[in-house]
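Raw query-v3.txt, compact mmCIF, C-alpha atoms:
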```txt
# COMPACT_ATOMS: atom_id res chain seq x y z
CA MET A 22 182.97 85.13 159.72
CA LYS A 23 180.92 86.86 157.07
CA SER A 24 178.71 85.26 154.48
CA ILE A 25 177.98 86.92 151.16
CA MET A 26 175.39 84.38 150.07
CA LYS A 27 171.65 84.88 149.79
CA PHE A 28 169.42 82.18 151.16
CA ASN A 29 165.87 81.15 150.33
CA LYS A 30 165.12 79.80 153.80
CA LEU A 31 165.37 81.62 157.08
CA ALA A 32 165.76 80.12 160.51
CA ILE A 33 163.51 82.59 162.31
CA ILE A 34 160.50 81.62 160.23
CA THR A 35 160.47 78.35 162.16
CA LEU A 36 162.06 79.63 165.35
CA THR A 37 158.98 81.36 166.72
CA THR A 38 159.18 79.84 170.19
CA SER A 39 161.82 80.42 172.82
CA SER A 40 162.36 76.71 173.32
CA LEU A 41 163.76 76.34 169.81
CA PHE A 42 166.10 79.27 170.36
CA VAL A 43 167.33 77.78 173.64
CA ALA A 44 168.08 74.48 171.89
CA CYS A 45 170.62 76.30 169.76
CA SER A 46 172.78 77.44 172.67
CA ASP A 47 172.97 76.26 176.26
CA GLU A 48 174.45 79.59 177.27
CA ILE A 49 171.37 81.61 176.34
CA SER A 50 168.54 81.80 178.85
CA TYR A 51 164.81 81.68 178.24
CA ASP A 52 164.36 85.26 179.42
CA THR A 53 166.92 86.49 176.91
CA TYR A 54 164.78 85.30 174.04
CA GLU A 55 161.18 85.89 174.96
CA ASN A 56 159.92 89.16 176.40
CA GLN A 57 156.79 91.24 176.14
CA TYR A 58 157.18 93.82 173.38
CA ILE A 59 155.73 97.28 173.90
CA ALA A 60 156.26 99.66 170.99
CA ASN A 61 157.61 103.07 172.00
CA ALA A 62 157.27 105.36 169.01
CA ALA A 63 158.00 108.57 170.91
CA ASN A 64 161.30 109.12 169.07
CA ILE A 65 160.18 107.84 165.68
CA LYS A 66 160.54 111.28 164.04
CA ASN A 67 164.01 111.99 165.41
CA ALA A 68 166.41 111.47 162.52
CA GLY A 69 169.95 110.23 162.97
CA GLN A 70 173.16 111.47 161.39
CA ALA A 71 174.49 110.29 158.02
CA MET A 72 177.76 108.37 158.35
CA ASP A 73 180.16 108.13 155.41
CA LEU A 74 181.86 104.74 155.70
CA GLY A 75 183.88 105.12 152.50
CA LEU A 76 181.80 102.57 150.59
CA PRO A 77 182.29 102.21 146.80
CA SER A 78 178.73 103.34 146.04
CA GLY A 79 178.98 106.42 148.24
CA THR A 80 175.95 105.28 150.26
CA LYS A 81 175.74 106.89 153.70
CA TRP A 82 174.27 104.91 156.59
CA ALA A 83 172.37 106.39 159.53
CA ASP A 84 174.07 106.19 162.91
CA MET A 85 170.95 104.75 164.58
CA ASN A 86 167.74 102.84 163.93
CA VAL A 87 164.37 104.48 163.28
CA GLY A 88 162.76 105.16 166.67
CA ALA A 89 166.07 105.05 168.57
CA THR A 90 167.67 107.75 170.72
CA SER A 91 171.26 106.64 170.08
CA GLY A 92 173.32 104.19 168.04
CA SER A 93 173.10 101.51 170.72
CA ASP A 94 169.35 101.93 171.27
CA ASN A 95 167.18 99.27 169.62
CA GLY A 96 164.57 101.64 168.24
CA VAL A 97 161.20 100.44 166.97
CA LEU A 98 160.55 97.05 165.32
CA PHE A 99 158.45 97.55 162.18
CA VAL A 100 156.18 95.14 160.34
CA TRP A 101 157.18 95.48 156.66
CA GLY A 102 155.16 98.26 155.00
CA ASP A 103 153.97 99.84 158.28
CA ILE A 104 155.33 103.31 159.07
CA THR A 105 153.93 103.67 162.60
CA GLY A 106 155.80 100.86 164.31
CA THR A 107 152.61 99.85 166.12
CA GLN A 108 151.06 97.39 163.66
CA VAL A 109 151.09 93.88 165.10
CA LEU A 110 150.29 91.86 161.97
CA ALA A 111 150.09 92.75 158.30
CA THR A 112 146.30 92.88 158.37
CA SER A 113 145.87 95.82 156.02
CA ALA A 114 147.04 93.92 152.95
CA THR A 115 146.46 90.38 151.70
CA SER A 116 149.55 90.53 149.51
CA TYR A 117 152.93 92.25 149.63
CA LYS A 118 152.15 93.45 146.12
CA ASP A 119 149.27 95.52 147.48
CA VAL A 120 151.70 97.88 149.21
CA THR A 121 154.55 97.93 146.70
CA THR A 122 155.51 99.58 143.45
CA SER A 123 156.38 97.15 140.67
CA THR A 124 159.38 97.60 138.42
CA SER A 125 158.21 97.58 134.80
CA VAL A 126 159.48 95.00 132.32
CA ASP A 127 160.83 97.91 130.25
CA ASP A 128 163.01 99.03 133.18
CA LEU A 129 164.09 95.47 133.95
CA PHE A 130 165.04 94.91 130.31
CA GLU A 131 167.19 98.06 130.35
CA MET A 132 168.69 97.01 133.69
CA TYR A 133 169.84 93.58 132.49
CA LYS A 134 170.49 93.95 128.79
CA GLY A 135 174.10 93.48 127.78
CA GLU A 136 175.84 92.90 124.49
CA GLU A 137 174.03 94.07 121.36
CA LYS A 138 173.77 91.41 118.67
CA THR A 139 172.42 91.07 115.16
CA GLY A 140 169.95 88.38 114.17
CA ILE A 141 168.63 87.40 110.74
CA ALA A 142 165.00 86.54 110.10
CA PHE A 143 164.36 84.51 106.92
CA ASP A 144 161.11 84.50 104.96
CA THR A 145 160.98 81.21 103.10
CA VAL A 146 158.76 79.39 100.57
CA ASN A 147 158.77 76.16 98.55
CA VAL A 148 159.99 73.82 101.26
CA HIS A 149 160.52 70.27 100.03
CA LYS A 150 162.53 67.08 100.46
CA GLU A 151 163.44 64.53 97.85
CA ALA A 152 160.89 61.67 97.80
CA PHE A 153 158.50 63.64 99.99
CA SER A 154 155.76 65.87 98.70
CA LEU A 155 155.20 69.35 100.10
CA SER A 156 152.06 68.22 101.93
CA GLU A 157 154.02 65.60 103.84
CA PHE A 158 156.35 68.14 105.42
CA PRO A 159 154.95 69.61 108.67
CA LEU A 160 154.81 73.27 107.74
CA THR A 161 154.08 74.14 111.37
CA LYS A 162 157.75 73.41 112.04
CA MET A 163 158.94 76.20 109.78
CA ASP A 164 159.88 78.31 112.80
CA SER A 165 162.62 75.77 113.47
CA ILE A 166 164.41 77.03 110.40
CA ARG A 167 164.12 80.61 111.50
CA GLU A 168 165.63 79.71 114.91
CA VAL A 169 168.86 78.35 113.38
CA ARG A 170 171.77 80.70 114.06
CA PHE A 171 172.70 82.74 111.01
CA ASP A 172 176.41 81.96 111.46
CA SER A 173 175.78 78.26 110.83
CA LEU A 174 173.91 78.97 107.60
CA LYS A 175 176.42 81.15 105.77
CA THR A 176 177.85 78.31 103.74
CA ALA A 177 174.40 76.94 102.93
CA TYR A 178 172.86 80.25 101.88
CA LYS A 179 173.66 80.54 98.16
CA ASP A 180 171.84 82.08 95.25
CA ARG A 181 168.87 83.04 97.43
CA LYS A 182 168.42 79.45 98.55
CA LEU A 183 168.72 78.07 102.05
CA GLU A 184 169.80 74.46 102.45
CA CYS A 185 169.90 72.75 105.83
CA SER A 186 168.96 69.58 107.68
CA ILE A 187 166.20 69.37 110.26
CA ASN A 188 164.83 66.58 112.41
CA VAL A 189 161.08 66.60 112.94
CA ASP A 190 159.46 63.97 115.10
CA GLY A 191 162.39 61.60 114.55
CA LEU A 192 162.57 62.03 110.77
CA ASP A 193 165.48 63.77 109.05
CA TYR A 194 164.60 66.23 106.28
CA GLU A 195 166.95 67.88 103.83
CA ILE A 196 165.38 71.29 103.51
CA ILE A 197 165.74 73.50 100.46
CA ALA A 198 163.99 76.83 100.84
CA ASN A 199 163.81 79.67 98.37
CA VAL A 200 164.52 82.85 100.31
CA ILE A 201 162.30 85.67 99.15
CA ASP A 202 163.66 88.06 101.80
CA SER A 203 165.83 88.24 104.88
CA THR A 204 165.70 90.92 107.57
CA ALA A 205 168.38 91.91 110.05
CA PHE A 206 167.28 92.87 113.57
CA THR A 207 168.95 93.90 116.80
CA TYR A 208 168.63 91.91 120.00
CA TYR A 209 170.47 91.78 123.31
CA ALA A 210 172.03 89.13 125.50
CA SER A 211 171.34 89.60 129.21
CA THR A 212 174.08 90.23 131.75
CA GLN A 213 172.70 87.55 134.10
CA GLY A 214 170.69 84.34 134.13
CA GLY A 215 172.74 82.32 131.64
CA PHE A 216 171.20 83.90 128.55
CA LYS A 217 170.72 81.73 125.46
CA ASP A 218 169.42 82.92 122.12
CA ASP A 219 166.62 80.39 121.98
CA THR A 220 165.42 80.47 125.61
CA GLY A 221 166.42 83.87 127.00
CA ALA A 222 167.29 83.98 130.69
CA SER A 223 165.66 83.59 134.10
CA ILE A 224 166.84 86.31 136.48
CA THR A 225 166.17 86.84 140.19
CA ALA A 226 165.54 90.57 140.18
CA PRO A 227 164.26 93.33 142.51
CA ILE A 228 160.68 93.36 141.21
CA TYR A 229 158.77 95.12 144.00
CA SER A 230 159.76 97.99 146.28
CA ILE A 231 158.49 100.37 148.97
CA ILE A 232 161.70 102.41 148.98
CA LYS A 233 160.98 106.17 149.15
CA ASP A 234 157.25 105.46 149.39
CA ALA A 235 156.10 107.79 152.18
CA GLN A 236 153.09 105.57 152.84
CA HIS A 237 155.12 102.41 153.46
CA ASP A 238 158.83 103.28 153.93
CA PRO A 239 159.36 104.10 157.65
CA ALA A 240 162.62 105.95 156.95
CA THR A 241 161.11 108.20 154.28
CA ALA A 242 157.85 108.72 156.19
CA ASN A 243 159.39 109.55 159.56
CA TRP A 244 162.79 111.06 158.85
CA GLY A 245 162.29 112.61 155.40
CA ASN A 246 165.22 114.61 154.01
CA GLY A 247 166.28 111.90 151.56
CA TRP A 248 166.33 109.04 154.08
CA ARG A 249 165.03 105.69 152.85
CA MET A 250 165.16 101.94 153.46
CA PRO A 251 168.26 100.21 152.05
CA THR A 252 168.35 97.89 149.06
CA SER A 253 169.63 94.32 149.21
CA GLU A 254 172.69 95.39 147.21
CA GLU A 255 173.49 98.05 149.81
CA PHE A 256 173.29 95.45 152.58
CA GLN A 257 175.63 93.22 150.58
CA GLU A 258 178.03 96.12 150.00
CA LEU A 259 178.09 96.72 153.76
CA ILE A 260 178.92 93.04 154.36
CA ASP A 261 181.56 92.84 151.65
CA ASN A 262 183.45 96.06 152.34
CA CYS A 263 183.34 96.52 156.12
CA LYS A 264 184.91 94.92 159.19
CA TRP A 265 182.24 93.37 161.46
CA GLU A 266 183.00 92.93 165.16
CA PHE A 267 180.43 91.75 167.71
CA THR A 268 180.72 94.01 170.73
CA GLY A 269 178.33 93.29 173.57
CA THR A 270 174.83 93.46 172.12
CA GLY A 271 175.43 94.05 168.43
CA TYR A 272 177.96 94.62 165.66
CA THR A 273 180.35 97.50 165.23
CA VAL A 274 180.65 97.90 161.46
CA THR A 275 183.81 99.72 160.36
CA GLY A 276 184.11 101.03 156.81
CA PRO A 277 187.16 101.33 154.54
CA ASN A 278 187.73 104.91 155.80
CA LYS A 279 187.69 103.70 159.48
CA ASN A 280 184.37 105.40 160.27
CA SER A 281 181.90 103.07 161.95
CA ILE A 282 178.28 102.48 162.88
CA PHE A 283 176.74 100.17 165.46
CA LEU A 284 173.92 97.73 164.60
CA PRO A 285 172.25 96.57 167.82
CA GLY A 286 170.88 93.05 168.06
CA ALA A 287 167.34 94.26 168.62
CA GLY A 288 165.83 90.87 167.78
CA TYR A 289 162.39 90.65 166.22
CA ARG A 290 158.81 90.66 167.42
CA PHE A 291 156.11 88.17 166.63
CA GLY A 292 152.82 89.67 167.73
CA GLN A 293 153.55 91.08 171.20
CA LYS A 294 156.40 88.65 171.89
CA TRP A 295 160.00 89.82 171.54
CA TYR A 296 162.73 87.35 170.57
CA GLY A 297 166.50 87.50 170.24
CA ASN A 298 167.15 90.85 171.93
CA GLY A 299 170.87 91.32 172.50
CA ASN A 300 172.18 88.56 170.23
CA ALA A 301 170.22 88.61 166.97
CA GLY A 302 169.63 91.45 164.55
CA TYR A 303 167.15 91.60 161.67
CA TYR A 304 167.20 94.65 159.37
CA ALA A 305 164.65 95.13 156.60
CA SER A 306 165.36 96.13 153.03
CA GLY A 307 162.67 97.84 151.00
CA GLN A 308 162.78 95.29 148.17
CA ILE A 309 161.15 92.04 147.17
CA PHE A 310 162.98 89.92 144.61
CA GLY A 311 161.12 87.84 142.04
CA SER A 312 161.63 85.98 138.80
CA TYR A 313 162.07 87.98 135.60
CA HIS A 314 162.19 86.25 132.22
CA PHE A 315 164.60 88.10 129.95
CA PRO A 316 163.30 87.54 126.39
CA SER A 317 164.94 85.24 123.85
CA LYS A 318 166.21 86.41 120.48
CA GLU A 319 162.94 85.56 118.75
CA GLU A 320 160.84 87.10 121.54
CA GLN A 321 162.83 90.32 121.20
CA ARG A 322 162.32 90.26 117.43
CA GLN A 323 158.60 90.19 118.11
CA GLY A 324 158.87 93.19 120.45
CA SER A 325 158.83 91.51 123.86
CA LYS A 326 160.66 93.01 126.86
CA GLY A 327 160.14 89.89 128.96
CA SER A 328 157.74 88.94 131.73
CA ILE A 329 157.50 88.83 135.54
CA SER A 330 156.38 85.76 137.47
CA ASP A 331 153.23 86.09 139.59
CA THR A 332 154.80 84.04 142.38
CA GLU A 333 154.45 85.77 145.77
CA ASN A 334 157.92 86.33 147.26
CA MET A 335 159.06 87.92 150.51
CA PRO A 336 161.21 90.98 151.29
CA ASP A 337 164.96 90.77 151.79
CA MET A 338 166.68 91.50 155.08
CA LEU A 339 170.12 91.51 156.68
CA VAL A 340 170.42 88.95 159.51
CA PHE A 341 172.92 88.12 162.23
CA GLN A 342 172.32 85.59 165.03
CA HIS A 343 175.45 85.79 167.16
CA GLY A 344 176.05 82.76 169.36
CA LEU A 345 173.24 80.77 167.74
CA TYR A 346 174.74 79.33 164.55
CA ASP A 347 177.98 80.29 162.81
CA ASN A 348 178.05 84.00 163.71
CA SER A 349 177.64 84.90 160.04
CA VAL A 350 176.05 88.05 158.66
CA SER A 351 173.92 87.35 155.60
CA VAL A 352 171.15 88.62 153.34
CA TYR A 353 168.01 86.51 153.32
CA HIS A 354 164.95 86.53 151.02
CA ASN A 355 162.30 85.45 153.54
CA LEU A 356 160.98 88.25 155.76
CA SER A 357 157.59 87.09 157.03
CA SER A 358 154.81 89.67 156.99
CA SER A 359 154.00 88.82 160.61
CA LEU A 360 157.41 89.82 162.01
CA GLY A 361 158.53 93.23 163.20
CA ILE A 362 162.22 94.07 162.66
CA SER A 363 164.65 96.99 162.67
CA ILE A 364 165.01 99.76 160.09
CA ARG A 365 168.44 101.32 159.49
CA PRO A 366 168.04 104.12 156.94
CA VAL A 367 170.44 105.16 154.20
CA LYS A 368 170.76 108.13 151.88
```
Output the file's structure as structure tokens, nothing else.
Amino acid sequence: MKSIMKFNKLAIITLTTSSLFVACSDEISYDTYENQYIANAANIKNAGQAMDLGLPSGTKWADMNVGATSGSDNGVLFVWGDITGTQVLATSATSYKDVTTSTSVDDLFEMYKGEEKTGIAFDTVNVHKEAFSLSEFPLTKMDSIREVRFDSLKTAYKDRKLECSINVDGLDYEIIANVIDSTAFTYYASTQGGFKDDTGASITAPIYSIIKDAQHDPATANWGNGWRMPTSEEFQELIDNCKWEFTGTGYTVTGPNKNSIFLPGAGYRFGQKWYGNGNAGYYASGQIFGSYHFPSKEEQRQGSKGSISDTENMPDMLVFQHGLYDNSVSVYHNLSSSLGISIRPVK
């Protein structure tokens, strides 16, 4: 069974002792899940072969992990951002953001902008209501008029006057405004995040990356020649478009064109302890997703391209834990900086 969902919690963050792993399956022994890990980086520079699986994107997957000698070999387990395979903990950086490149709000805006729309900005004066003087109307609320959709004002906009109703602090006002000018401007709805004109959209987006960074991408640093860490979308494409069959100590992944690769269940390492070898596989992406605010209509009128949340997130990874839970293969958001996991390059 395959899962195409992304999760915000990951079992292995809490399963850092063999006893908790054993509780998940009576058939799995203690020795299977906790061993001493000794990094062997002797083959770290030996690049694999590019396999065309017939995927829609044309992405080619390596036939083995970084540090491996064959497709069935586990290879080296890398702490995220380390290219040597020997780092035990992420001690060189206090934040993931210290070792990543951030996607600019300009690029994110271009990535997620969709339908082009036209907005109307009104410049108004002489606001009043019958039986109320001008001073009694809260002029600070004038932006409320400008936020009203132009379509709803067509019938009220006559002879350079704008007539509408507005509720301010529980009081209803009949507004008559002389329009001294109106300006058309272009804005965009976003393709994701439930965009609304007045609030914009909140999008979970790939904000940070080490992909193709020779200082932090183990595939690029050690194999070169166009090899890099995969994106979360490429992991999802592999899940969605391939046949996954657990065969012994990992998954044979067969593409639409019948070509296949093998992903060994190399487990993960926590410090010098090695967990899950033979049943569980953890494969790192080079991306960290975060929250991107796609600007509202008014924010776009004022020149904004949106903003990125400062919340510290974790990298994405592909996970399978055969025999432990539901045998699913999924993409998770929570790769802890203290864990070492597999790298399967793409190009």
Original post:
Taking only C-alpha atoms into account, which of A:Ser223, A:Asn243, A:Gln257, A:Ser230 comes nearest Ser211 (chain A)?
Top reply: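 The shortest atom-to-atom distance to Ser211 (chain A) comes from A:Ser223.
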**OP:** Please work out which residues fall within 12 Å of (162.0, 99.2, 136.6), coordinates as given in the file, with all atoms listed in the file counting, and return them as a PyMOL selection string.
**Re:** chain A and resi 122-133+226-230+313+326+329
Original post:
What is the CA of Thr207 (chain A) to CA of Ser312 (chain A) distance in Å?
Top reply: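 CA of Ser312 (chain A) lies at a distance of 24.5 Å from CA of Thr207 (chain A).
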**OP:** Choose the residue, out of A:Trp295, A:Asn262, A:Gln342, A:Ser358, that has the smallest atom-to-atom separation from Ile309 (chain A); count all atoms listed in the file.
**Re:** A:Ser358
Original post:
Nearest to Ala240 (chain A): which of A:Met85, A:Leu284, A:Val97, A:Ile104 is it, counting only C-alpha atoms?
Top reply: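 The shortest atom-to-atom distance to Ala240 (chain A) comes from A:Ile104.
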**OP:** Could you tell me how far CA of Cys263 (chain A) lies from CA of Met335 (chain A), in Å and to one decimal?
**Re:**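 Going from CA of Cys263 (chain A) over to CA of Met335 (chain A), I get 26.4 Å.
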Subject >> Which of A:Asn278, A:Thr121, A:Ser78, A:Asn334 sits closest to Glu258 (chain A) [using only C-alpha atoms] >> reply: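 The shortest atom-to-atom distance to Glu258 (chain A) comes from A:Ser78.
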Selection near Tyr58 (chain A), 8 Å with all atoms listed in the file, sequence-local residues under 2 positions removed, as a CSV table (one decimal) with C-alpha atoms, keeping the file's coordinate frame:
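Written file, result_17.csv:
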```csv
chain,number,residue,atom,x,y,z
A,56,ASN,CA,159.9,89.2,176.4
A,60,ALA,CA,156.3,99.7,171.0
A,290,ARG,CA,158.8,90.7,167.4
A,293,GLN,CA,153.6,91.1,171.2
A,294,LYS,CA,156.4,88.6,171.9
A,295,TRP,CA,160.0,89.8,171.5
```
Subject >> Closest of A:Gly102, A:Gly327, A:Gly247, A:Gly344 to Tyr209 (chain A) - atom-to-atom distances counting only C-alpha atoms >> reply: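 For Tyr209 (chain A), the nearest of the candidates is A:Gly327.
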**OP:** Would you mind listing what lies within 10 Å of Ile65 (chain A) as a count of residues only, with only C-alpha atoms counted and same-chain residues fewer than 5 positions away left out?
**Re:** 15
Original post:
Which of these, A:Phe256, A:Phe206, A:Phe283, A:Tyr303, has the shortest distance to Gly92 (chain A) once you count only C-alpha atoms?
Top reply: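 Of all the options, A:Phe283 lies closest to Gly92 (chain A).
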With all atoms of region 258-264 of chain A from the file as input, state the centre and edge lengths in Å to one decimal of the axis-aligned box that has 6 Å extra on each side, as JSON.
```
{"center_x": 181.5, "center_y": 94.8, "center_z": 154.6, "size_x": 18.9, "size_y": 15.9, "size_z": 21.2}
```
**OP:** Using CA of His314 (chain A) and CA of Gly214 (chain A) as the two end points, give the distance in Å to one decimal.
**Re:**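 Between these atoms lies a distance of 8.9 Å.
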Original post:
Which residues, written as a list in words, have at least one atom at most 9 Å from Gly361 (chain A), with only C-alpha atoms counted and residues fewer than 6 positions away on the same chain left out?
Top reply: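 Neighbouring residues, sequence-local ones excluded: Val97, Leu98, Phe99, Val100, Trp101, Gly106, Gln108, Val109, Leu110, Gly288, Tyr289, Arg290, Phe291, Gly292 and Tyr303 of chain A.
Using only C-alpha atoms, the contacts of Gly286 (chain A) at a cut-off of 7 Å, with sequence neighbours closer than 5 positions omitted, comprise Thr270, Gly271, Asn298, Gly299, Asn300, Ala301 and Gly302 of chain A.
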Subject >> Test item: residues at most 9 Å from Leu259 (chain A), only C-alpha atoms, excluding those fewer than 6 positions along its chain, as a PyMOL selection string >> reply: chain A and resi 76+274+276
**OP:** Dump as a PyMOL selection string all residues having an atom at most 10 Å from (173.8, 89.7, 115.5), computed in the file's coordinates with only C-alpha atoms.
**Re:** chain A and resi 136-141+170-172+205-209+318
